[in-house]
Amino acid sequence: MENQRLSPMQKKTKTTKKQKIVDPCPICSQELHLNHEFTQRVGLLDNYDEVVGWLCPHCRSEFDIDDHLTKFLGEGNIRGEA
Ligand SMILES: [Zn+2]
């Protein structure tokens with residue numbers, strides 16, 4: 001028989017204040033957080049419908065899934081080839 005114990009991860013914190021989640025675009029600093037489930041980030045899919053990155057709807061900069069900038073302000077390429 002397992003003992004039913006409270007997990008140490010359950011912490012009783014005061015929830016009087018709503019937790020403010022901020023998720024600003026690293027380029028234009030516009031807020032990308034929409035709500036607890038959604039973000040304003042626009043997903044970029046490859047040919048296999050796999051998410052390979054995201055696009056900021058405000059400044060149209062594109063990023064890979066590690067938040068590395070791949071397209072600055074929606075135009076031109078970051079130097080990829082020498
Ligand atoms: Zn942006």
# chains A, B, ... in the order shown; residues from 1 in each chain; ligands from 1
call {"tool": "residues_near_ligand", "arguments": {"ligand": "ligand 1", "cutoff": "12 Å", "atoms": "only C-alpha atoms and all ligand atoms", "output": "ChimeraX atom specification"}}
result
/A:23-33,40-42,54-63,67,69,71-74
call {"tool": "write_last_selection", "arguments": {"atoms": "N, CA, C and O atoms", "output": "CSV table (one decimal), in the first residue's frame"}}
result
chain,number,residue,atom,x,y,z
A,23,ASP,N,5.6,37.6,-22.2
A,23,ASP,CA,6.3,36.9,-23.2
A,23,ASP,C,6.6,37.8,-24.4
A,23,ASP,O,6.0,37.7,-25.4
A,24,PRO,N,7.4,38.8,-24.2
A,24,PRO,CA,7.6,39.8,-25.2
A,24,PRO,C,8.5,39.3,-26.3
A,24,PRO,O,9.4,38.5,-26.1
A,25,CYS,N,8.2,39.8,-27.5
A,25,CYS,CA,9.0,39.6,-28.7
A,25,CYS,C,10.4,40.1,-28.4
A,25,CYS,O,10.5,41.3,-28.0
A,26,PRO,N,11.5,39.4,-28.7
A,26,PRO,CA,12.8,39.9,-28.4
A,26,PRO,C,13.2,41.0,-29.4
A,26,PRO,O,14.2,41.7,-29.1
A,27,ILE,N,12.5,41.1,-30.5
A,27,ILE,CA,12.9,42.2,-31.4
A,27,ILE,C,12.1,43.5,-31.2
A,27,ILE,O,12.7,44.5,-31.0
A,28,CYS,N,10.8,43.4,-31.1
A,28,CYS,CA,10.0,44.6,-31.1
A,28,CYS,C,9.4,44.8,-29.7
A,28,CYS,O,8.8,45.8,-29.4
A,29,SER,N,9.6,43.8,-28.8
A,29,SER,CA,9.1,43.9,-27.4
A,29,SER,C,7.6,44.0,-27.2
A,29,SER,O,7.1,44.3,-26.2
A,30,GLN,N,6.9,43.7,-28.3
A,30,GLN,CA,5.5,43.6,-28.2
A,30,GLN,C,5.1,42.3,-27.4
A,30,GLN,O,5.7,41.3,-27.6
A,31,GLU,N,4.1,42.4,-26.7
A,31,GLU,CA,3.6,41.3,-25.9
A,31,GLU,C,3.1,40.2,-26.8
A,31,GLU,O,2.3,40.4,-27.6
A,32,LEU,N,3.6,39.0,-26.6
A,32,LEU,CA,3.1,37.9,-27.4
A,32,LEU,C,2.2,36.9,-26.6
A,32,LEU,O,1.6,36.0,-27.1
A,33,HIS,N,2.2,37.1,-25.3
A,33,HIS,CA,1.3,36.3,-24.5
A,33,HIS,C,-0.1,36.6,-24.7
A,33,HIS,O,-0.5,37.8,-24.7
A,40,GLN,N,0.4,34.7,-29.1
A,40,GLN,CA,0.2,35.3,-30.4
A,40,GLN,C,1.3,34.9,-31.4
A,40,GLN,O,1.2,35.3,-32.6
A,41,ARG,N,2.2,34.1,-31.0
A,41,ARG,CA,3.2,33.7,-31.9
A,41,ARG,C,2.6,32.9,-33.0
A,41,ARG,O,1.7,32.0,-32.8
A,42,VAL,N,3.0,33.1,-34.3
A,42,VAL,CA,2.4,32.4,-35.4
A,42,VAL,C,3.4,31.2,-35.7
A,42,VAL,O,4.5,31.4,-36.0
A,54,TRP,N,8.6,30.2,-35.3
A,54,TRP,CA,7.4,31.0,-35.1
A,54,TRP,C,7.7,32.4,-35.6
A,54,TRP,O,8.9,32.8,-35.9
A,55,LEU,N,6.6,33.1,-35.8
A,55,LEU,CA,6.7,34.5,-36.4
A,55,LEU,C,6.0,35.4,-35.5
A,55,LEU,O,4.9,35.1,-35.0
A,56,CYS,N,6.6,36.6,-35.3
A,56,CYS,CA,6.0,37.6,-34.4
A,56,CYS,C,5.0,38.4,-35.3
A,56,CYS,O,5.3,38.9,-36.4
A,57,PRO,N,3.7,38.4,-34.9
A,57,PRO,CA,2.7,39.0,-35.7
A,57,PRO,C,2.8,40.6,-35.7
A,57,PRO,O,2.2,41.3,-36.5
A,58,HIS,N,3.6,41.1,-34.8
A,58,HIS,CA,3.8,42.5,-34.7
A,58,HIS,C,4.9,43.1,-35.7
A,58,HIS,O,4.6,44.0,-36.4
A,59,CYS,N,6.0,42.4,-35.6
A,59,CYS,CA,7.1,43.0,-36.5
A,59,CYS,C,7.5,42.0,-37.6
A,59,CYS,O,8.4,42.3,-38.4
A,60,ARG,N,6.9,40.8,-37.6
A,60,ARG,CA,7.1,39.8,-38.6
A,60,ARG,C,8.5,39.3,-38.7
A,60,ARG,O,8.9,38.8,-39.7
A,61,SER,N,9.2,39.4,-37.6
A,61,SER,CA,10.4,38.7,-37.4
A,61,SER,C,10.2,37.2,-37.3
A,61,SER,O,9.2,36.8,-36.7
A,62,GLU,N,11.1,36.4,-37.8
A,62,GLU,CA,10.9,34.9,-37.7
A,62,GLU,C,12.0,34.3,-36.8
A,62,GLU,O,13.1,34.8,-36.8
A,63,PHE,N,11.6,33.3,-36.1
A,63,PHE,CA,12.5,32.7,-35.1
A,63,PHE,C,12.4,31.2,-35.3
A,63,PHE,O,11.3,30.7,-35.7
A,67,ASP,N,14.0,30.0,-30.4
A,67,ASP,CA,13.9,31.5,-30.2
A,67,ASP,C,15.1,32.2,-30.8
A,67,ASP,O,15.5,33.3,-30.5
A,69,LEU,N,16.7,34.2,-33.9
A,69,LEU,CA,16.2,35.0,-35.0
A,69,LEU,C,16.6,34.4,-36.3
A,69,LEU,O,17.8,34.1,-36.5
A,71,LYS,N,14.8,35.5,-39.3
A,71,LYS,CA,14.5,36.6,-40.3
A,71,LYS,C,14.1,37.8,-39.6
A,71,LYS,O,13.2,37.9,-38.8
A,72,PHE,N,14.9,38.8,-39.8
A,72,PHE,CA,14.8,40.1,-39.1
A,72,PHE,C,13.7,41.0,-39.8
A,72,PHE,O,13.8,41.3,-40.9
A,73,LEU,N,12.7,41.3,-39.0
A,73,LEU,CA,11.6,42.1,-39.5
A,73,LEU,C,11.0,41.7,-40.8
A,73,LEU,O,10.5,42.5,-41.6
A,74,GLY,N,11.0,40.4,-41.0
A,74,GLY,CA,10.3,39.8,-42.2
A,74,GLY,C,11.0,40.0,-43.5
A,74,GLY,O,10.4,39.7,-44.5
call {"tool": "atom_distance", "arguments": {"atom1": "CA of Asn35 in chain A", "atom2": "CA of Tyr48 in chain A"}}
result
27.7 Å
call {"tool": "atom_distance", "arguments": {"atom1": "CA of Thr70 in chain A", "atom2": "CA of Leu34 in chain A"}}
result
22.8 Å
call {"tool": "atom_distance", "arguments": {"atom1": "CA of His36 in chain A", "atom2": "CA of Asp66 in chain A"}}
result
20.3 Å
